[in-house]
$ cat input.txt   # compact mmCIF, C-alpha atoms (C1' of nucleotides)
# COMPACT_ATOMS: atom_id res chain seq x y z
CA MET L 1 4.28 8.37 -10.18
CA ALA L 2 4.65 10.73 -13.08
CA ASP L 3 6.76 8.51 -15.25
CA ASN L 4 4.43 5.75 -16.20
CA THR L 5 6.77 4.78 -18.97
CA GLU L 6 5.23 1.41 -19.48
CA ASP L 7 7.49 0.25 -22.22
CA ALA L 8 5.97 -3.18 -21.94
CA PRO L 9 2.22 -2.53 -21.88
CA PRO L 10 0.30 -5.44 -20.44
CA GLN L 11 -0.33 -6.98 -23.86
CA LEU L 12 -4.03 -7.25 -23.14
CA ASP L 13 -4.63 -10.00 -25.71
CA ASP L 14 -3.31 -10.01 -29.21
CA GLU L 15 -6.67 -10.83 -30.65
CA ASN L 16 -8.55 -8.09 -28.95
CA ALA L 17 -10.02 -6.73 -32.12
CA PRO L 18 -13.77 -6.37 -32.40
CA LEU L 19 -15.41 -8.85 -34.68
CA GLN L 20 -15.93 -6.47 -37.53
CA PRO L 21 -13.55 -3.58 -37.67
CA GLY L 22 -13.84 -1.10 -40.44
CA ASP L 23 -17.56 -0.73 -39.93
CA GLU L 24 -17.10 2.93 -39.11
CA ASP L 25 -19.63 4.09 -41.67
CA ALA L 26 -22.34 1.75 -40.52
CA PRO L 27 -25.74 1.75 -42.16
CA ARG L 28 -27.70 4.71 -40.90
CA GLN L 29 -30.70 3.80 -38.86
CA PRO L 30 -33.93 5.52 -39.76
CA GLY L 31 -34.65 8.38 -37.44
CA ASP L 32 -31.17 9.80 -37.63
CA GLU L 33 -32.50 12.93 -39.22
CA ASP L 34 -33.68 14.56 -36.04
CA ALA L 35 -30.41 13.90 -34.26
CA PRO L 36 -27.95 16.48 -32.94
CA PRO L 37 -24.93 17.62 -34.97
CA GLN L 38 -22.92 14.41 -34.55
CA PRO L 39 -25.12 11.86 -36.21
CA GLY L 40 -25.78 8.75 -34.19
CA ASP L 41 -23.13 9.55 -31.62
CA GLU L 42 -25.74 10.33 -29.02
CA ARG L 43 -27.23 6.89 -29.42
CA LEU L 44 -23.83 5.32 -29.00
CA LYS L 45 -23.02 7.39 -25.95
CA LYS L 46 -26.28 6.34 -24.38
CA GLY L 47 -25.41 2.73 -25.06
CA ILE L 48 -22.03 3.19 -23.45
CA GLU L 49 -23.60 4.73 -20.40
CA ALA L 50 -26.21 2.00 -20.30
CA MET L 51 -23.42 -0.57 -20.14
CA PHE L 52 -21.72 1.33 -17.36
CA PHE L 53 -24.77 1.85 -15.18
CA ALA L 54 -26.24 -1.58 -15.83
CA TYR L 55 -23.02 -3.32 -14.96
CA ARG L 56 -23.07 -1.62 -11.60
CA GLY L 57 -26.54 -2.93 -10.95
CA PHE L 58 -25.57 -6.32 -12.29
CA THR L 59 -22.81 -6.73 -9.71
CA ALA L 60 -24.44 -4.90 -6.80
CA ASP L 61 -26.35 -7.80 -5.25
CA PRO L 62 -23.56 -10.38 -5.39
CA ASP L 63 -21.13 -7.78 -4.10
CA ARG L 64 -23.18 -7.36 -0.97
CA ILE L 65 -23.28 -11.10 -0.35
CA LEU L 66 -19.59 -11.48 -1.05
CA ALA L 67 -18.71 -8.73 1.39
CA LYS L 68 -20.63 -10.57 4.11
CA HIS L 69 -18.47 -13.63 3.51
CA GLY L 70 -15.24 -11.73 3.14
CA PHE L 71 -14.83 -12.33 -0.56
CA GLY L 72 -14.62 -10.10 -3.59
CA ARG L 73 -15.75 -10.07 -7.18
CA ALA L 74 -12.76 -12.09 -8.25
CA HIS L 75 -13.90 -14.95 -6.04
CA HIS L 76 -17.36 -14.74 -7.53
CA ARG L 77 -16.03 -15.12 -11.04
CA ALA L 78 -13.98 -18.15 -10.10
CA ILE L 79 -16.90 -19.74 -8.29
CA HIS L 80 -19.24 -19.06 -11.17
CA PHE L 81 -17.10 -20.65 -13.83
CA ILE L 82 -16.01 -23.58 -11.70
CA ASN L 83 -19.67 -24.26 -11.11
CA ARG L 84 -20.36 -24.06 -14.81
CA SER L 85 -17.61 -26.50 -15.75
CA PRO L 86 -16.99 -28.76 -12.81
CA ARG L 87 -13.59 -30.43 -12.79
CA THR L 88 -12.22 -27.75 -15.08
CA THR L 89 -8.50 -27.12 -15.10
CA VAL L 90 -6.63 -24.11 -13.84
CA ASN L 91 -5.48 -23.32 -17.33
CA ASN L 92 -8.99 -23.30 -18.71
CA LEU L 93 -10.13 -21.01 -15.94
CA LEU L 94 -7.18 -18.75 -16.64
CA SER L 95 -8.14 -18.32 -20.25
CA ILE L 96 -11.78 -17.69 -19.41
CA LEU L 97 -11.04 -15.10 -16.77
CA GLY L 98 -8.19 -13.45 -18.62
CA VAL L 99 -6.00 -12.81 -15.60
CA THR L 100 -2.53 -13.96 -14.66
CA LYS L 101 -2.00 -17.21 -12.86
CA GLN L 102 -0.73 -15.31 -9.86
CA SER L 103 -3.96 -13.39 -9.56
CA LEU L 104 -6.07 -16.46 -10.05
CA ASN L 105 -3.94 -18.47 -7.69
CA ARG L 106 -4.39 -16.00 -4.89
CA VAL L 107 -8.14 -16.28 -5.31
CA LEU L 108 -8.14 -20.06 -5.60
CA ARG L 109 -5.93 -20.43 -2.58
CA THR L 110 -8.35 -18.60 -0.34
CA LEU L 111 -11.29 -20.50 -1.78
CA ILE L 112 -9.54 -23.82 -1.17
CA ASP L 113 -8.38 -22.76 2.28
CA LYS L 114 -11.90 -21.80 3.23
CA GLY L 115 -13.18 -25.09 1.93
CA LEU L 116 -15.29 -23.83 -0.96
CA VAL L 117 -13.25 -25.33 -3.77
CA GLU L 118 -11.40 -28.57 -4.03
CA SER L 119 -8.55 -29.34 -6.37
CA GLU L 120 -7.73 -32.87 -7.41
CA VAL L 121 -4.80 -34.10 -9.42
CA GLY L 122 -5.70 -35.07 -12.96
CA THR L 123 -5.97 -38.74 -13.80
CA GLN L 124 -4.79 -38.61 -17.38
CA ASP L 125 -2.33 -35.76 -17.04
CA ARG L 126 -1.24 -35.61 -13.44
CA ARG L 127 0.18 -32.14 -13.84
CA GLU L 128 -3.32 -30.74 -14.12
CA ARG L 129 -5.52 -29.81 -11.22
CA HIS L 130 -9.24 -30.25 -11.59
CA LEU L 131 -11.31 -27.73 -9.70
CA SER L 132 -14.73 -28.33 -8.26
CA LEU L 133 -17.01 -26.69 -5.74
CA THR L 134 -17.48 -28.39 -2.39
CA GLU L 135 -20.84 -28.50 -0.62
CA ALA L 136 -20.05 -25.17 0.96
CA GLY L 137 -18.93 -23.81 -2.39
CA LEU L 138 -22.14 -24.91 -4.02
CA ALA L 139 -24.07 -23.24 -1.23
CA LEU L 140 -22.37 -19.91 -1.73
CA GLU L 141 -22.71 -20.25 -5.48
CA ALA L 142 -26.42 -20.79 -5.03
CA GLU L 143 -26.71 -17.76 -2.81
CA LEU L 144 -24.86 -15.61 -5.31
CA SER L 145 -26.59 -16.81 -8.43
CA THR L 146 -30.00 -16.66 -6.82
CA ALA L 147 -29.48 -12.99 -6.13
CA GLN L 148 -27.93 -12.17 -9.47
CA GLU L 149 -30.39 -14.21 -11.47
CA ALA L 150 -33.28 -12.59 -9.68
CA ARG L 151 -32.22 -9.23 -10.99
CA VAL L 152 -31.64 -10.51 -14.50
CA ARG L 153 -34.94 -12.35 -14.41
CA ALA L 154 -36.75 -9.21 -13.35
CA ALA L 155 -35.06 -7.22 -16.09
CA TYR L 156 -35.95 -9.87 -18.66
CA ALA L 157 -39.54 -9.96 -17.49
CA LYS L 158 -39.82 -6.21 -17.65
CA ALA L 159 -38.25 -5.90 -21.07
CA GLY L 160 -39.91 -8.91 -22.66
CA PRO L 161 -38.64 -11.87 -24.70
CA GLY L 162 -37.92 -9.93 -27.85
CA ALA L 163 -35.81 -7.45 -25.99
CA VAL L 164 -33.90 -10.27 -24.35
CA ALA L 165 -32.99 -11.73 -27.71
CA GLY L 166 -31.71 -8.35 -28.85
CA PHE L 167 -29.82 -7.89 -25.62
CA GLU L 168 -28.01 -11.17 -26.16
CA GLN L 169 -27.26 -10.40 -29.79
CA VAL L 170 -25.71 -7.05 -29.07
CA LEU L 171 -23.64 -8.33 -26.17
CA GLU L 172 -22.41 -11.21 -28.26
CA ALA L 173 -21.42 -8.85 -31.04
CA MET L 174 -19.49 -6.77 -28.55
CA MET L 175 -17.18 -9.57 -27.42
CA ASP L 176 -13.69 -10.30 -28.58
CA ARG L 177 -13.13 -13.45 -30.52
CA THR L 178 -11.56 -15.18 -27.55
CA GLN L 179 -14.37 -14.30 -25.25
CA LEU L 180 -16.99 -15.24 -27.78
CA ARG L 181 -15.39 -18.65 -28.02
CA HIS L 182 -15.63 -19.15 -24.29
CA TYR L 183 -19.16 -17.80 -24.28
CA THR L 184 -20.50 -20.11 -26.93
CA ARG L 185 -18.51 -23.10 -25.80
CA PHE L 186 -20.69 -23.54 -22.76
CA GLU L 187 -23.59 -24.50 -24.96
CA GLU L 188 -21.91 -27.71 -26.05
CA ASP L 189 -19.58 -28.12 -23.13
CA THR L 190 -21.75 -27.90 -20.08
CA GLY L 191 -22.34 -31.30 -18.58
CA GLY L 192 -21.12 -32.96 -21.71
CA THR L 193 -17.60 -33.78 -20.61
CA MET Q 18 -6.28 -11.71 6.35
CA ALA Q 19 -8.55 -14.31 7.87
CA ASP Q 20 -10.56 -11.97 10.01
CA ASN Q 21 -12.51 -10.00 7.50
CA THR Q 22 -14.93 -9.01 10.20
CA GLU Q 23 -16.33 -6.11 8.30
CA ASP Q 24 -18.81 -4.99 10.89
CA ALA Q 25 -19.46 -1.90 8.87
CA PRO Q 26 -19.98 -3.12 5.32
CA PRO Q 27 -19.49 -0.29 2.82
CA GLN Q 28 -23.20 0.52 2.72
CA LEU Q 29 -23.22 0.23 -1.07
CA ASP Q 30 -26.30 2.40 -1.51
CA ASP Q 31 -29.46 2.11 0.51
CA GLU Q 32 -31.60 2.04 -2.59
CA ASN Q 33 -29.76 -0.69 -4.37
CA ALA Q 34 -32.81 -2.80 -4.88
CA PRO Q 35 -33.69 -3.94 -8.38
CA LEU Q 36 -36.61 -2.16 -9.90
CA GLN Q 37 -39.06 -4.97 -9.48
CA PRO Q 38 -38.26 -7.42 -6.76
CA GLY Q 39 -40.58 -10.30 -6.13
CA ASP Q 40 -40.74 -11.21 -9.77
CA GLU Q 41 -39.22 -14.58 -9.02
CA ASP Q 42 -41.90 -16.55 -10.81
CA ALA Q 43 -41.65 -14.61 -14.02
CA PRO Q 44 -43.80 -15.51 -17.01
CA ARG Q 45 -42.40 -18.58 -18.67
CA GLN Q 46 -41.11 -17.99 -22.13
CA PRO Q 47 -42.26 -20.44 -24.79
CA GLY Q 48 -39.57 -22.96 -25.51
CA ASP Q 49 -38.87 -23.70 -21.89
CA GLU Q 50 -40.09 -27.23 -22.34
CA ASP Q 51 -36.89 -28.56 -23.85
CA ALA Q 52 -34.78 -26.98 -21.12
CA PRO Q 53 -32.60 -28.77 -18.57
CA PRO Q 54 -33.87 -29.55 -15.03
CA GLN Q 55 -33.69 -26.00 -13.71
CA PRO Q 56 -36.16 -24.13 -15.85
CA GLY Q 57 -34.92 -20.94 -17.35
CA ASP Q 58 -31.80 -20.83 -15.22
CA GLU Q 59 -29.63 -21.70 -18.18
CA ARG Q 60 -30.93 -18.70 -20.05
CA LEU Q 61 -30.17 -16.47 -17.10
CA LYS Q 62 -26.70 -17.91 -16.65
CA LYS Q 63 -26.00 -17.24 -20.31
CA GLY Q 64 -27.15 -13.69 -19.86
CA ILE Q 65 -24.87 -13.27 -16.88
CA GLU Q 66 -21.93 -14.61 -18.82
CA ALA Q 67 -22.83 -12.40 -21.76
CA MET Q 68 -22.61 -9.38 -19.50
CA PHE Q 69 -19.27 -10.51 -18.16
CA PHE Q 70 -17.65 -11.23 -21.50
CA ALA Q 71 -19.17 -8.28 -23.29
CA TYR Q 72 -18.05 -5.88 -20.61
CA ARG Q 73 -14.51 -7.05 -21.12
CA GLY Q 74 -14.77 -6.30 -24.80
CA PHE Q 75 -16.49 -3.04 -24.08
CA THR Q 76 -13.55 -1.74 -22.06
CA ALA Q 77 -10.72 -3.38 -23.98
CA ASP Q 78 -10.12 -0.68 -26.58
CA PRO Q 79 -10.20 2.31 -24.24
CA ASP Q 80 -8.02 0.41 -21.79
CA ARG Q 81 -5.31 0.09 -24.37
CA ILE Q 82 -5.41 3.79 -25.17
CA LEU Q 83 -5.44 4.75 -21.52
CA ALA Q 84 -2.43 2.59 -20.79
CA LYS Q 85 -0.51 4.42 -23.50
CA HIS Q 86 -1.21 7.71 -21.76
CA GLY Q 87 -0.60 6.40 -18.27
CA PHE Q 88 -4.22 6.52 -17.16
CA GLY Q 89 -6.71 3.96 -15.93
CA ARG Q 90 -10.36 3.20 -16.26
CA ALA Q 91 -11.23 5.57 -13.45
CA HIS Q 92 -9.81 8.44 -15.46
CA HIS Q 93 -11.87 7.38 -18.45
CA ARG Q 94 -15.08 7.47 -16.45
CA ALA Q 95 -14.33 10.93 -15.13
CA ILE Q 96 -13.42 12.21 -18.58
CA HIS Q 97 -16.53 10.70 -20.11
CA PHE Q 98 -18.98 12.25 -17.69
CA ILE Q 99 -17.26 15.61 -17.55
CA ASN Q 100 -17.49 15.68 -21.31
CA ARG Q 101 -21.16 14.82 -21.14
CA SER Q 102 -21.99 17.56 -18.66
CA PRO Q 103 -19.44 20.32 -19.02
CA ARG Q 104 -19.08 22.53 -15.98
CA THR Q 105 -20.56 19.84 -13.78
CA THR Q 106 -19.75 19.90 -10.08
CA VAL Q 107 -17.65 17.49 -8.11
CA ASN Q 108 -20.69 16.42 -6.12
CA ASN Q 109 -22.66 15.55 -9.21
CA LEU Q 110 -19.79 13.55 -10.56
CA LEU Q 111 -19.46 11.77 -7.25
CA SER Q 112 -23.04 10.64 -7.31
CA ILE Q 113 -22.79 9.49 -10.92
CA LEU Q 114 -19.64 7.52 -10.38
CA GLY Q 115 -20.58 6.17 -6.99
CA VAL Q 116 -17.14 6.35 -5.42
CA THR Q 117 -15.79 8.26 -2.48
CA LYS Q 118 -14.61 11.82 -2.85
CA GLN Q 119 -11.08 10.68 -2.00
CA SER Q 120 -11.04 8.27 -4.90
CA LEU Q 121 -12.48 10.79 -7.28
CA ASN Q 122 -10.21 13.51 -6.03
CA ARG Q 123 -7.11 11.48 -6.69
CA VAL Q 124 -8.26 10.94 -10.25
CA LEU Q 125 -9.26 14.56 -10.76
CA ARG Q 126 -5.98 15.79 -9.34
CA THR Q 127 -3.95 13.86 -11.88
CA LEU Q 128 -6.24 14.95 -14.69
CA ILE Q 129 -5.92 18.57 -13.64
CA ASP Q 130 -2.16 18.29 -13.12
CA LYS Q 131 -1.73 16.83 -16.57
CA GLY Q 132 -3.83 19.61 -18.03
CA LEU Q 133 -6.79 17.57 -19.23
CA VAL Q 134 -9.38 18.97 -16.88
CA GLU Q 135 -9.88 22.43 -15.51
CA SER Q 136 -11.73 23.33 -12.38
CA GLU Q 137 -13.21 26.76 -11.86
CA VAL Q 138 -14.78 28.13 -8.76
CA GLY Q 139 -18.55 28.46 -8.99
CA THR Q 140 -20.00 31.90 -9.55
CA GLN Q 141 -23.22 31.43 -7.61
CA ASP Q 142 -21.96 29.10 -4.93
CA ARG Q 143 -18.24 29.67 -4.67
CA ARG Q 144 -17.69 26.43 -2.75
CA GLU Q 145 -18.46 24.46 -5.85
CA ARG Q 146 -15.94 23.60 -8.52
CA HIS Q 147 -17.09 23.34 -12.08
CA LEU Q 148 -15.20 20.79 -14.08
CA SER Q 149 -14.55 20.97 -17.80
CA LEU Q 150 -12.24 19.33 -20.29
CA THR Q 151 -9.42 21.38 -21.72
CA GLU Q 152 -8.35 21.13 -25.34
CA ALA Q 153 -6.07 18.26 -24.44
CA GLY Q 154 -8.84 16.66 -22.43
CA LEU Q 155 -11.22 16.90 -25.33
CA ALA Q 156 -8.61 15.35 -27.55
CA LEU Q 157 -8.16 12.35 -25.31
CA GLU Q 158 -11.90 12.05 -24.87
CA ALA Q 159 -12.28 11.97 -28.62
CA GLU Q 160 -9.64 9.30 -28.93
CA LEU Q 161 -11.30 7.17 -26.29
CA SER Q 162 -14.85 7.57 -27.44
CA THR Q 163 -13.93 7.03 -31.07
CA ALA Q 164 -12.50 3.65 -30.17
CA GLN Q 165 -15.28 2.64 -27.85
CA GLU Q 166 -18.03 3.90 -30.08
CA ALA Q 167 -16.56 2.05 -33.01
CA ARG Q 168 -17.02 -1.21 -31.20
CA VAL Q 169 -20.52 -0.38 -30.08
CA ARG Q 170 -21.38 0.81 -33.55
CA ALA Q 171 -20.13 -2.40 -35.07
CA ALA Q 172 -22.09 -4.45 -32.56
CA TYR Q 173 -25.22 -2.41 -33.25
CA ALA Q 174 -24.79 -2.80 -36.97
CA LYS Q 175 -24.31 -6.51 -36.68
CA ALA Q 176 -27.26 -7.04 -34.36
CA GLY Q 177 -29.66 -4.65 -36.08
CA PRO Q 178 -31.92 -1.85 -34.86
CA GLY Q 179 -34.48 -4.09 -33.19
CA ALA Q 180 -31.83 -5.84 -31.18
CA VAL Q 181 -30.41 -2.50 -30.12
CA ALA Q 182 -33.76 -1.42 -28.72
CA GLY Q 183 -33.99 -4.63 -26.74
CA PHE Q 184 -30.44 -4.24 -25.55
CA GLU Q 185 -31.23 -0.81 -24.19
CA GLN Q 186 -34.44 -1.95 -22.55
CA VAL Q 187 -32.83 -4.83 -20.72
CA LEU Q 188 -29.89 -2.77 -19.54
CA GLU Q 189 -32.18 -0.05 -18.32
CA ALA Q 190 -34.27 -2.57 -16.41
CA MET Q 191 -31.12 -3.87 -14.79
CA MET Q 192 -30.08 -0.57 -13.21
CA ASP Q 193 -30.71 0.60 -9.70
CA ARG Q 194 -33.06 3.47 -9.20
CA THR Q 195 -30.20 5.87 -8.57
CA GLN Q 196 -28.33 4.85 -11.66
CA LEU Q 197 -31.42 4.94 -13.80
CA ARG Q 198 -32.00 8.48 -12.67
CA HIS Q 199 -28.52 9.48 -13.80
CA TYR Q 200 -28.93 7.54 -17.01
CA THR Q 201 -32.16 9.15 -18.06
CA ARG Q 202 -31.21 12.58 -16.79
CA PHE Q 203 -28.78 13.06 -19.62
CA GLU Q 204 -31.61 13.18 -22.08
CA GLU Q 205 -32.91 16.44 -20.65
CA ASP Q 206 -29.77 17.64 -18.99
CA THR Q 207 -27.14 17.60 -21.66
CA GLY Q 208 -26.36 21.07 -22.76
CA GLY Q 209 -29.47 22.32 -21.04
CA THR Q 210 -27.97 23.68 -17.88
C1' DT J 251 -22.58 33.57 14.88
C1' DT J 252 -22.90 29.12 14.12
C1' DG J 253 -24.02 24.88 11.70
C1' DG J 254 -23.79 22.48 7.70
C1' DA J 255 -22.55 21.86 2.83
C1' DA J 256 -18.96 21.45 -0.76
C1' DT J 257 -14.54 20.57 -1.40
C1' DG J 258 -9.63 19.31 -0.74
C1' DT J 259 -6.10 16.62 1.43
C1' DC J 260 -3.21 13.53 4.31
C1' DA J 261 -2.56 8.89 5.95
C1' DA J 262 -3.31 4.16 6.01
C1' DC J 263 -5.15 0.07 4.31
C1' DA J 264 -7.17 -3.71 1.15
C1' DA J 265 -8.44 -5.98 -3.11
C1' DG J 266 -6.98 -7.40 -7.16
C1' DG J 267 -4.60 -6.50 -11.23
C1' DC J 268 0.48 -6.87 -13.05
C1' DT J 269 5.68 -8.48 -13.83
C1' DG J 270 9.66 -11.24 -12.89
C1' DA J 271 11.89 -15.02 -11.07
C1' DC J 272 12.12 -19.47 -9.45
C1' DA J 273 10.60 -24.28 -7.91
C1' DT J 274 8.36 -28.73 -8.81
C1' DA J 275 6.09 -32.19 -10.86
C1' DT J 276 4.99 -34.51 -15.01
C1' DT J 277 4.73 -35.38 -19.74
C1' DA J 278 6.63 -35.31 -24.37
C1' DT J 279 10.32 -35.66 -27.48
C1' DG J 280 14.76 -36.14 -29.68
C1' DC H 100 17.77 -41.55 -21.13
C1' DA H 101 18.40 -36.56 -21.29
C1' DT H 102 16.23 -32.62 -22.15
C1' DA H 103 12.54 -29.59 -23.30
C1' DA H 104 8.05 -28.13 -22.62
C1' DT H 105 3.76 -27.93 -19.81
C1' DA H 106 0.91 -27.15 -15.74
C1' DT H 107 0.96 -25.34 -11.62
C1' DG H 108 2.43 -22.98 -7.36
C1' DT H 109 4.77 -19.30 -4.92
C1' DC H 110 7.52 -15.28 -3.36
C1' DA H 111 8.37 -10.44 -3.82
C1' DG H 112 7.23 -6.09 -5.35
C1' DC H 113 4.57 -2.63 -7.88
C1' DC H 114 0.28 -0.15 -9.51
C1' DT H 115 -4.55 1.38 -9.65
C1' DT H 116 -8.51 2.17 -7.43
C1' DG H 117 -11.44 1.41 -4.05
C1' DT H 118 -12.18 2.13 1.24
C1' DT H 119 -12.14 4.90 6.36
C1' DG H 120 -10.98 8.42 9.30
C1' DA H 121 -9.56 12.87 10.42
C1' DC H 122 -9.03 17.52 9.59
C1' DA H 123 -8.96 22.23 7.12
C1' DT H 124 -11.13 25.69 4.28
C1' DT H 125 -14.56 28.23 2.28
C1' DC H 126 -18.96 29.78 2.01
C1' DC H 127 -24.12 29.68 2.35
C1' DA H 128 -27.98 30.02 5.36
C1' DA H 129 -30.62 30.15 9.53

$ encode --input "input.txt" --output "structure tokens"
Amino acid sequence: MADNTEDAPPQLDDENAPLQPGDEDAPRQPGDEDAPPQPGDERLKKGIEAMFFAYRGFTADPDRILAKHGFGRAHHRAIHFINRSPRTTVNNLLSILGVTKQSLNRVLRTLIDKGLVESEVGTQDRRERHLSLTEAGLALEAELSTAQEARVRAAYAKAGPGAVAGFEQVLEAMMDRTQLRHYTRFEEDTGGT
Amino acid sequence: MADNTEDAPPQLDDENAPLQPGDEDAPRQPGDEDAPPQPGDERLKKGIEAMFFAYRGFTADPDRILAKHGFGRAHHRAIHFINRSPRTTVNNLLSILGVTKQSLNRVLRTLIDKGLVESEVGTQDRRERHLSLTEAGLALEAELSTAQEARVRAAYAKAGPGAVAGFEQVLEAMMDRTQLRHYTRFEEDTGGT
DNA sequence: TTGGAATGTCAACAAGGCTGACATATTATG
DNA sequence: CATAATATGTCAGCCTTGTTGACATTCCAA
């Protein structure tokens, strides 16, 4: 266990660079004067902690529902994105989720076995499998998204519309190129195909 | 693997409720008119996806560094919060991180063994252990936070100060009570004790 | 003295990542 | 047509990080 000589580190994306590197000396925000020794660092650390704590809250409600049904977060992600792009392919899902096909396959297998997802052979390219939610899958998706959206809705309501816009801007600016592409693609893609 | 009869679901916090439940019918934002059938749901789904994709970006840089050193995300979290509250106790860390003592202990043990963290017996209550980063620990912490803060800084710079305020507000509103308490505590606590 | 709190530790297990290797269709291409 | 590449599935094994349960130690407090 001591020799974690990972000579082949899990690659982790080749294009994992933030959108604008080299912004180290960012424009100082007003109000930096009354900050502790390291200027602005405190603000950043708070932001980092906010992400950490908020993400826990963000996943807490679905996690409870998933546990009831014997699923995990990985199943939730698959269900969510299949619901968003019905009849999507395995490959597309792979690139959205950023996991290996083995990991995804394990999740899909249980979802198909339990009758939440169905996979049909592609018509144009018969190598492809098109994934969709069944009735039962849609039901669980609804249960999950109802819970998760309720929390987001409450947070949005509490923070107000302006804050929501800022929230989205910052998150978007925090994504990798690849992820940003997936994120924005839904705007054109959803229901269009 | 079929019988996931978890009769004792992992409790997951008793106070895991969002800050304001029952806000289902939140005030409609202007611009909802030209929205698809389900009103506002699209906005919420985008927010959910933003959290998902952004969190991936958020952890990507530290993950790469950690892999180099043979650590994981759990080690990062421990290092981060020990750095934020030097000489903190195991119990405090446990409640911040929200994992079991066994999980935390495994992480702490490797950090102590590798000389990144030191644990000293409490002076008042000698059952307690006070955790601090060693020189080496501080060095790794600096490496990690430099990378992570660079991304956050870039995102902040790109989105602008107003957006950052909104970002923080929404995240804060998304936390559980418990987490919010830890989040805000740092403002008074850091360096105070 | 005795109970409980704070901590450590061993063992076992599960989810969900990963790699590597291999199989099987199916399509694309020389 | 033969062969390569693509899309997918699957087996086996490993790692991290979460979980329970049980038990030991140390120490504070009633």

$ closest_residue --input "input.txt" --among "Q:Tyr200, Q:Phe88, Q:Phe98, Q:Tyr173" --to "chain H" --atoms "only C-alpha atoms (C1' of nucleotides)"
Q:Phe88

$ interface_residues --input "input.txt" --of "chain Q" --to "chain H" --cutoff "7 Å" --atoms "all atoms listed in the file" --output "ChimeraX atom specification"
/Q:120,143-144

$ atom_distance --input "input.txt" --atom1 "atom CA of Q:Ile129" --atom2 "atom CA of Q:Gly154"
9.5 Å

$ closest_atom_pairs --input "input.txt" --of "chain L" --to "chain J" --cutoff "12 Å" --atoms "only C-alpha atoms (C1' of nucleotides)" --output "tab-separated table"
residue	atom	partner	partner_atom	distance
L:Glu6	CA	J:DT269	C1'	11.4
L:Ala8	CA	J:DT269	C1'	9.7
L:Pro9	CA	J:DC268	C1'	10.0
L:Pro10	CA	J:DC268	C1'	7.5
L:Gln11	CA	J:DC268	C1'	10.8
L:Leu12	CA	J:DC268	C1'	11.1
L:Ala67	CA	J:DA265	C1'	11.5
L:Gly70	CA	J:DA265	C1'	10.9
L:Phe71	CA	J:DA265	C1'	9.4
L:Gly72	CA	J:DA265	C1'	7.4
L:Arg73	CA	J:DG266	C1'	9.2
L:Ala74	CA	J:DG266	C1'	7.5
L:His75	CA	J:DG266	C1'	10.3
L:Gly98	CA	J:DG267	C1'	10.8
L:Val99	CA	J:DG267	C1'	7.8
L:Thr100	CA	J:DC268	C1'	7.9
L:Lys101	CA	J:DC268	C1'	10.6
L:Gln102	CA	J:DC268	C1'	9.1
L:Ser103	CA	J:DG267	C1'	7.1
L:Leu104	CA	J:DG266	C1'	9.6
L:Asn105	CA	J:DG266	C1'	11.5
L:Arg106	CA	J:DG266	C1'	9.3
L:Val107	CA	J:DG266	C1'	9.1
L:Val121	CA	J:DA275	C1'	11.1
L:Gly122	CA	J:DT276	C1'	10.9
L:Thr123	CA	J:DT276	C1'	11.8
L:Gln124	CA	J:DT277	C1'	10.3
L:Asp125	CA	J:DT277	C1'	7.6
L:Arg126	CA	J:DT276	C1'	6.5
L:Arg127	CA	J:DT276	C1'	5.5
L:Glu128	CA	J:DT276	C1'	9.2
L:Arg129	CA	J:DA275	C1'	11.9

$ residues_around --input "input.txt" --residues "L:Ser119" --least-positions-apart "6" --cutoff "7 Å" --atoms "only C-alpha atoms (C1' of nucleotides)" --output "ChimeraX atom specification"
/L:129-132

$ interface_residues --input "input.txt" --of "chain Q" --to "chain L" --cutoff "6 Å" --atoms "only C-alpha atoms" --output "ChimeraX atom specification"
/Q:21,40,70-71,74,87,171-172,176,180,183-184,186-188,190-193,196

$ atom_distance --input "input.txt" --atom1 "atom CA of L:Arg87" --atom2 "atom CA of L:Glu143"
20.8 Å

$ atom_distance --input "input.txt" --atom1 "atom CA of Q:Leu128" --atom2 "atom CA of Q:Ile96"
8.6 Å

$ axis_aligned_box --input "input.txt" --around "stretch 148-159 of chain L" --padding-each-side "8 Å" --output "JSON"
{"center_x": -33.9, "center_y": -10.1, "center_z": -15.3, "size_x": 27.9, "size_y": 24.3, "size_z": 27.6}

$ build_atoms --input "input.txt" --residues "stretch 177-182 of chain Q" --atoms "N, CA and C atoms" --output "mmCIF file, in the frame of the given file"
data_model
loop_
_atom_site.group_PDB
_atom_site.id
_atom_site.type_symbol
_atom_site.label_atom_id
_atom_site.label_comp_id
_atom_site.auth_asym_id
_atom_site.auth_seq_id
_atom_site.Cartn_x
_atom_site.Cartn_y
_atom_site.Cartn_z
ATOM 1 N N GLY Q 177 -28.473 -5.269 -35.483
ATOM 2 C CA GLY Q 177 -29.660 -4.650 -36.080
ATOM 3 C C GLY Q 177 -30.433 -3.790 -35.092
ATOM 4 N N PRO Q 178 -31.216 -2.859 -35.655
ATOM 5 C CA PRO Q 178 -31.920 -1.850 -34.860
ATOM 6 C C PRO Q 178 -32.853 -2.438 -33.807
ATOM 7 N N GLY Q 179 -33.566 -3.493 -34.157
ATOM 8 C CA GLY Q 179 -34.480 -4.090 -33.190
ATOM 9 C C GLY Q 179 -33.736 -4.625 -31.989
ATOM 10 N N ALA Q 180 -32.639 -5.283 -32.263
ATOM 11 C CA ALA Q 180 -31.830 -5.840 -31.180
ATOM 12 C C ALA Q 180 -31.306 -4.721 -30.274
ATOM 13 N N VAL Q 181 -30.948 -3.612 -30.900
ATOM 14 C CA VAL Q 181 -30.410 -2.500 -30.120
ATOM 15 C C VAL Q 181 -31.462 -1.979 -29.144
ATOM 16 N N ALA Q 182 -32.688 -1.881 -29.612
ATOM 17 C CA ALA Q 182 -33.760 -1.420 -28.720
ATOM 18 C C ALA Q 182 -33.915 -2.371 -27.545
#
